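start-v2.cif (mmCIF, C-alpha atoms) appears below.
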data_my_file
#
loop_
_atom_site.label_atom_id
_atom_site.label_comp_id
_atom_site.auth_asym_id
_atom_site.auth_seq_id
_atom_site.Cartn_x
_atom_site.Cartn_y
_atom_site.Cartn_z
CA MET A 16 82.64 44.01 45.93
CA THR A 17 82.42 47.56 47.20
CA GLY A 18 79.69 48.88 49.45
CA SER A 19 78.03 50.73 46.55
CA GLU A 20 77.73 47.63 44.36
CA VAL A 21 74.44 45.73 44.33
CA PRO A 22 74.81 41.95 43.85
CA HIS A 23 73.07 40.32 40.92
CA SER A 24 70.10 38.08 41.63
CA PHE A 25 68.69 35.04 39.90
CA ARG A 26 64.97 34.31 39.58
CA LEU A 27 63.96 30.69 39.10
CA ALA A 28 60.40 29.77 38.16
CA TYR A 29 58.98 26.30 38.77
CA VAL A 30 55.69 24.57 38.06
CA PRO A 31 53.74 22.47 40.61
CA GLY A 32 55.27 19.07 41.28
CA VAL A 33 58.85 20.15 40.67
CA THR A 34 61.08 20.32 43.75
CA PRO A 35 64.06 22.62 43.02
CA SER A 36 65.56 22.46 46.54
CA LYS A 37 68.58 20.33 45.57
CA TRP A 38 69.70 22.74 42.85
CA VAL A 39 68.98 25.78 45.00
CA ARG A 40 71.21 24.36 47.75
CA ILE A 41 74.10 23.85 45.32
CA TRP A 42 73.60 27.38 43.96
CA ASN A 43 73.80 28.86 47.45
CA GLU A 44 77.00 26.93 48.15
CA ARG A 45 78.71 28.02 44.92
CA LEU A 46 77.36 31.56 44.59
CA PRO A 47 76.61 32.81 48.10
CA ASP A 48 76.87 36.41 46.90
CA VAL A 49 74.08 35.97 44.31
CA PRO A 50 70.64 35.51 45.91
CA LEU A 51 68.27 33.08 44.19
CA THR A 52 64.55 33.81 44.29
CA LEU A 53 61.96 31.10 43.60
CA VAL A 54 58.88 32.02 41.57
CA ALA A 55 55.97 29.55 41.74
CA VAL A 56 53.97 29.51 38.49
CA SER A 57 51.19 27.40 37.02
CA PRO A 58 51.89 25.27 33.93
CA THR A 59 49.77 27.60 31.78
CA GLU A 60 51.58 30.79 32.80
CA ALA A 61 55.16 29.47 33.03
CA PHE A 62 56.21 30.35 29.48
CA GLY A 63 54.67 33.81 29.65
CA VAL A 64 56.64 34.53 32.82
CA LEU A 65 59.88 33.58 31.05
CA ARG A 66 59.12 35.62 27.94
CA GLU A 67 58.12 38.70 29.91
CA GLY A 68 61.24 38.65 32.08
CA GLY A 69 59.52 37.55 35.26
CA ALA A 70 62.18 34.85 35.73
CA ASP A 71 65.64 34.15 34.32
CA ALA A 72 64.95 30.42 33.91
CA GLY A 73 62.34 27.94 34.97
CA PHE A 74 61.46 24.31 35.48
CA VAL A 75 58.58 23.64 33.09
CA ARG A 76 56.81 20.71 31.49
CA LEU A 77 57.38 19.88 27.85
CA PRO A 78 56.58 20.67 25.10
CA VAL A 79 58.37 24.03 24.81
CA ASP A 80 58.04 26.43 21.90
CA ARG A 81 61.64 26.46 20.60
CA THR A 82 61.20 29.55 18.44
CA ASP A 83 62.20 31.84 21.30
CA LEU A 84 62.83 29.53 24.27
CA SER A 85 65.65 27.09 24.93
CA ALA A 86 65.05 23.90 26.90
CA ILE A 87 67.03 21.04 28.38
CA PRO A 88 64.91 17.92 29.11
CA LEU A 89 65.71 16.61 32.59
CA TYR A 90 63.55 13.62 33.44
CA THR A 91 60.30 11.81 32.66
CA GLU A 92 57.72 11.20 35.37
CA THR A 93 55.65 8.13 36.10
CA THR A 94 51.95 8.64 35.38
CA VAL A 95 49.50 7.47 38.05
CA VAL A 96 45.76 7.36 38.67
CA VAL A 97 44.49 8.90 41.91
CA VAL A 98 41.59 7.02 43.52
CA PRO A 99 39.91 6.69 46.94
CA LYS A 100 41.59 4.16 49.22
CA ASP A 101 38.55 1.86 49.09
CA HIS A 102 38.44 1.87 45.25
CA LEU A 103 38.94 -1.42 43.39
CA VAL A 104 42.02 0.03 41.66
CA ALA A 105 43.73 0.33 45.05
CA ALA A 106 43.93 -3.47 45.22
CA ALA A 107 46.15 -3.62 42.11
CA GLU A 108 49.88 -2.84 41.82
CA GLU A 109 49.36 -1.10 38.47
CA VAL A 110 46.59 -0.58 35.93
CA SER A 111 46.10 0.17 32.25
CA LEU A 112 43.89 2.77 30.58
CA GLU A 113 41.50 -0.03 29.63
CA ASP A 114 40.96 -0.70 33.33
CA LEU A 115 39.62 2.84 33.64
CA ALA A 116 37.17 2.55 30.74
CA ASP A 117 34.10 2.59 33.00
CA GLU A 118 35.39 5.35 35.29
CA ILE A 119 34.72 9.08 35.10
CA VAL A 120 38.21 10.45 34.49
CA PHE A 121 38.67 14.13 35.22
CA HIS A 122 40.53 16.32 32.74
CA PRO A 123 41.36 19.60 34.55
CA LEU A 124 42.13 22.75 32.59
CA ASP A 125 45.72 22.71 33.86
CA ASP A 126 46.28 19.09 32.83
CA THR A 127 49.95 18.48 31.95
CA LEU A 128 49.53 15.26 29.93
CA GLU A 129 49.23 15.19 26.15
CA TRP A 130 46.32 12.88 25.35
CA GLU A 131 45.63 11.51 21.90
CA GLN A 132 42.39 10.17 23.29
CA LEU A 133 41.04 10.81 26.77
CA PRO A 134 40.51 7.66 28.84
CA GLY A 135 37.31 6.64 30.63
CA LYS A 136 34.09 8.63 30.63
CA PRO A 137 34.22 12.44 30.53
CA ALA A 138 32.92 14.49 33.45
CA ILE A 139 30.07 16.98 32.95
CA GLU A 140 32.51 19.85 33.49
CA ARG A 141 36.25 20.14 33.47
CA PRO A 142 37.69 21.14 36.86
CA ALA A 143 39.60 24.41 36.75
CA THR A 144 42.68 23.02 38.47
CA THR A 145 44.26 19.75 39.52
CA ALA A 146 43.56 20.67 43.14
CA ASP A 147 39.83 20.96 42.31
CA ALA A 148 39.90 17.57 40.59
CA ILE A 149 41.51 16.01 43.67
CA GLU A 150 38.60 17.25 45.79
CA LEU A 151 36.16 15.59 43.41
CA VAL A 152 38.09 12.31 43.57
CA ALA A 153 37.94 12.45 47.37
CA ALA A 154 34.18 12.92 47.09
CA GLY A 155 33.95 9.66 45.12
CA VAL A 156 32.83 11.31 41.88
CA GLY A 157 35.60 10.03 39.62
CA VAL A 158 39.35 9.42 39.26
CA LEU A 159 42.27 11.52 38.06
CA VAL A 160 45.32 10.61 35.95
CA VAL A 161 48.34 12.84 36.66
CA PRO A 162 52.16 12.79 36.94
CA GLN A 163 53.24 11.12 40.18
CA SER A 164 54.74 14.35 41.58
CA LEU A 165 51.31 16.02 41.44
CA ALA A 166 49.71 13.06 43.20
CA ARG A 167 52.28 13.48 45.97
CA LEU A 168 51.82 17.25 46.05
CA HIS A 169 48.06 16.86 46.61
CA HIS A 170 48.36 13.89 48.94
CA ARG A 171 45.40 13.11 51.21
CA LYS A 172 45.00 10.36 53.78
CA ASP A 173 41.79 9.14 52.13
CA LEU A 174 43.36 8.86 48.66
CA THR A 175 46.02 6.66 47.05
CA TYR A 176 47.45 6.22 43.57
CA ARG A 177 48.69 3.46 41.25
CA PRO A 178 50.93 3.57 38.13
CA VAL A 179 49.20 3.55 34.74
CA THR A 180 51.34 1.49 32.37
CA ASP A 181 50.20 2.86 28.99
CA ALA A 182 49.37 6.50 29.78
CA PRO A 183 51.33 9.40 28.28
CA ALA A 184 54.12 10.68 30.51
CA SER A 185 55.07 14.21 31.50
CA ARG A 186 58.63 15.41 30.95
CA VAL A 187 60.23 18.15 33.03
CA ALA A 188 62.74 20.54 31.46
CA LEU A 189 64.80 23.60 32.33
CA SER A 190 63.84 26.46 30.01
CA TRP A 191 64.94 30.08 29.47
CA PRO A 192 64.65 32.78 26.77
CA GLN A 193 67.15 32.16 23.97
CA GLU A 194 68.24 35.79 23.80
CA GLU A 195 68.81 35.94 27.56
CA THR A 196 71.41 33.20 28.00
CA THR A 197 73.35 35.15 30.62
CA ASP A 198 76.37 34.04 32.64
CA LEU A 199 74.07 33.29 35.58
CA VAL A 200 71.84 31.15 33.37
CA GLU A 201 74.95 29.26 32.25
CA GLU A 202 75.88 28.81 35.89
CA PHE A 203 72.51 27.27 36.68
CA ILE A 204 72.63 25.04 33.59
CA GLY A 205 75.96 23.73 34.84
CA ILE A 206 74.49 22.98 38.26
CA VAL A 207 71.50 21.15 36.80
CA ARG A 208 73.75 19.13 34.49
CA GLY A 209 75.99 18.15 37.37
CA ARG A 210 79.10 20.03 36.35
CA THR A 211 81.72 20.43 39.03
CA VAL A 212 82.71 23.79 40.44
CA ASN A 213 85.93 23.71 38.38
CA SER A 214 84.20 22.96 35.07
CA THR A 215 85.45 25.10 32.20
CA ARG A 216 81.86 25.91 31.23
CA GLY A 217 81.01 27.18 34.66
CA ARG A 218 82.76 29.97 36.48
CA ALA A 219 86.42 30.25 35.67
CA PRO A 220 88.23 28.03 38.14
CA THR A 221 90.73 29.58 40.52
CA PRO A 222 94.19 29.05 39.01
CA PRO A 223 96.42 26.80 41.12
CA GLN A 224 99.00 28.66 43.15
CA PRO A 225 102.64 27.82 42.26
CA LYS A 226 104.38 25.76 44.88
CA ALA A 227 107.31 27.42 46.66
CA LYS A 228 110.60 25.91 45.59
CA ARG A 229 112.71 24.51 48.37
CA LYS A 230 116.27 25.84 48.51
CA ARG A 231 118.75 23.02 48.29
CA PRO A 232 121.64 23.17 50.80
CA GLU A 233 125.08 23.64 49.31
CA THR A 234 127.17 20.49 49.50
CA GLY A 235 130.49 19.13 48.30
CA ALA A 236 133.46 21.07 47.08
CA GLY A 237 131.23 23.84 45.76
CA ALA A 238 130.38 25.03 49.29
CA GLY A 239 131.92 28.33 50.34
CA ALA A 240 134.61 28.73 52.92
CA GLY A 241 132.00 29.37 55.59
CA GLY A 242 129.75 26.50 54.41
CA LYS A 243 130.02 22.83 55.08
CA ALA A 244 131.71 20.27 52.88
CA GLY A 245 130.64 17.04 54.46
CA SER A 246 130.88 17.52 58.22
CA GLY A 247 134.37 19.09 58.42
CA ARG A 248 135.62 22.58 57.60
CA ALA A 249 137.69 23.26 54.51
CA GLY A 250 141.42 23.11 55.22
CA SER A 251 140.97 21.56 58.66
CA GLY A 252 142.98 18.50 57.77
CA ARG A 253 140.22 16.22 58.96
CA SER A 254 138.27 13.68 56.96
CA THR A 255 134.52 13.60 56.76
CA SER A 256 134.48 11.00 59.51
CA GLY A 257 136.03 13.41 61.99
CA LYS A 258 139.34 11.47 62.28
CA PRO A 259 142.73 12.96 61.47
CA ALA A 260 143.59 12.72 57.78
CA GLY A 261 146.21 10.18 56.80
CA LYS A 262 145.23 7.49 59.31
CA ASN A 263 143.31 4.44 58.30
CA ALA A 264 140.43 3.20 60.30
CA ARG A 265 142.25 0.32 62.05
CA GLY A 266 145.92 1.14 62.13
CA GLY A 267 148.10 4.12 63.04
CA SER A 268 149.38 6.83 60.79
CA GLY A 269 151.37 5.54 57.83
CA ALA A 270 150.62 1.86 58.49
CA PRO A 271 151.54 -0.27 55.46
CA LYS A 272 148.77 -1.80 53.42
CA GLY A 273 147.98 -5.34 54.37
CA GLY A 274 149.84 -5.00 57.73
CA LYS A 275 148.39 -6.65 60.75
CA SER A 276 147.42 -4.68 63.77
CA GLY A 277 147.92 -5.70 67.41
CA LYS A 278 151.00 -6.99 69.38
CA PRO A 279 153.86 -8.78 67.53
CA ARG A 280 154.14 -12.51 68.06
CA ARG A 281 157.09 -13.99 69.92
CA ARG A 282 159.40 -16.30 67.99
CA PRO A 283 159.64 -19.80 69.37
#
As structure tokens, the full file:
Amino acid sequence: MTGSEVPHSFRLAYVPGVTPSKWVRIWNERLPDVPLTLVAVSPTEAFGVLREGGADAGFVRLPVDRTDLSAIPLYTETTVVVVPKDHLVAAAEEVSLEDLADEIVFHPLDDTLEWEQLPGKPAIERPATTADAIELVAAGVGVLVVPQSLARLHHRKDLTYRPVTDAPASRVALSWPQEETTDLVEEFIGIVRGRTVNSTRGRAPTPPQPKAKRKRPETGAGAGAGGKAGSGRAGSGRSTSGKPAGKNARGGSGAPKGGKSGKPRRRP
């Protein structure tokens, strides 16, 4: 990259409750030259931000309008009910919607759950946000059913939550405009899907460097006059063991085969 070039950037939107830190860390390790900017959005404005180019991709909650947006479902959250710590529900490990039939259950305008039928008794007014509904729960006015990540996000010491076994669940997905599936979007899809850095669908992997061939030393009769043939020089008259040629290992030069070495015996 030259000094006049400006590095590309990647803008990632995310709705409340989603924690993108793990994927951001991997991005920064793999693409340190491409800054990633996080864009916090509400569930109601997330899709508008993507369509208007305010972000390249985003973590959203399903459903997604597939006419102009692509989406990859990632995970499904546990649904919980948020109650005061001294509420009867707090004594149970989990509850059902029937257990909440006599409770005022808040339904904020930014609710992320798809209800066929709202549980409990409706409040006089719908809170504008989940944060507003949490304040009302803390005041002892009613209870709130939300994805577990939102209960954690709005955690208070005077509140607790329990799983609701038969409530609808919220699903989180990665979404982006269909006509803007850029190389950087593909890079982030690969990170979210757990592809390795050398995946063929991610950045092109660095080709392996050829190993340097080792030069074999010349040996045997093919060695040149200045090279070595065994341990002796050519034409030196010596064997590879360093002893004069023509002598066997135990006897002198020209000793007959099978002859015995040592002093001759005296005849009796």
Answer key for the PyMOL selection byres ((chain A and resi 172-184) around 6), residues as JSON, numbers by chain: {"A": [94, 95, 96, 97, 98, 99, 100, 109, 110, 111, 171, 185]}
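Picture a line from CA of Ser190 (chain A) to CA of His122 (chain A); it runs 25.6 Å.
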Taking the file as I've supplied it (selection: the PyMOL selection byres ((chain A and resi 76) around 6)), which residues are included? Please answer as a VMD selection string. chain A and resid 75 77 186 to 188
Name the residues that the PyMOL selection byres ((chain A and resi 34-42) around 8) picks from the file above, as a ChimeraX atom specification, using the file's chain letters and numbers. /A:29,32-33,43-47,51,203,206-207
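Relative to CA of Glu118 (chain A), CA of Gly135 (chain A) is found at 5.2 Å.
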Hey, can you check how far CA of Ala138 (chain A) sits from CA of Val156 (chain A)? 9.0 Å
Report the centre and edge lengths, in Å to one decimal, of an axis-aligned box enclosing every atom of region 171-189 of chain A listed in the file, padded by 4 Å on each side, as lines of an AutoDock Vina configuration file.
center_x = 53.3
center_y = 12.5
center_z = 41.0
size_x = 31.0
size_y = 30.1
size_z = 33.5
Identify, on the basis of all atoms listed in the file, every residue whose closest approach to Leu53 (chain A) does not exceed 8 Å; exclude the query and any residue fewer than 6 positions from it along the same chain; express the result as a ChimeraX atom specification. /A:26-29
Residues just named, written with C-alpha atoms as a tab-separated table (two decimals), in the coordinates of the input:
chain	number	residue	atom	x	y	z
A	26	ARG	CA	64.97	34.31	39.58
A	27	LEU	CA	63.96	30.69	39.10
A	28	ALA	CA	60.40	29.77	38.16
A	29	TYR	CA	58.98	26.30	38.77
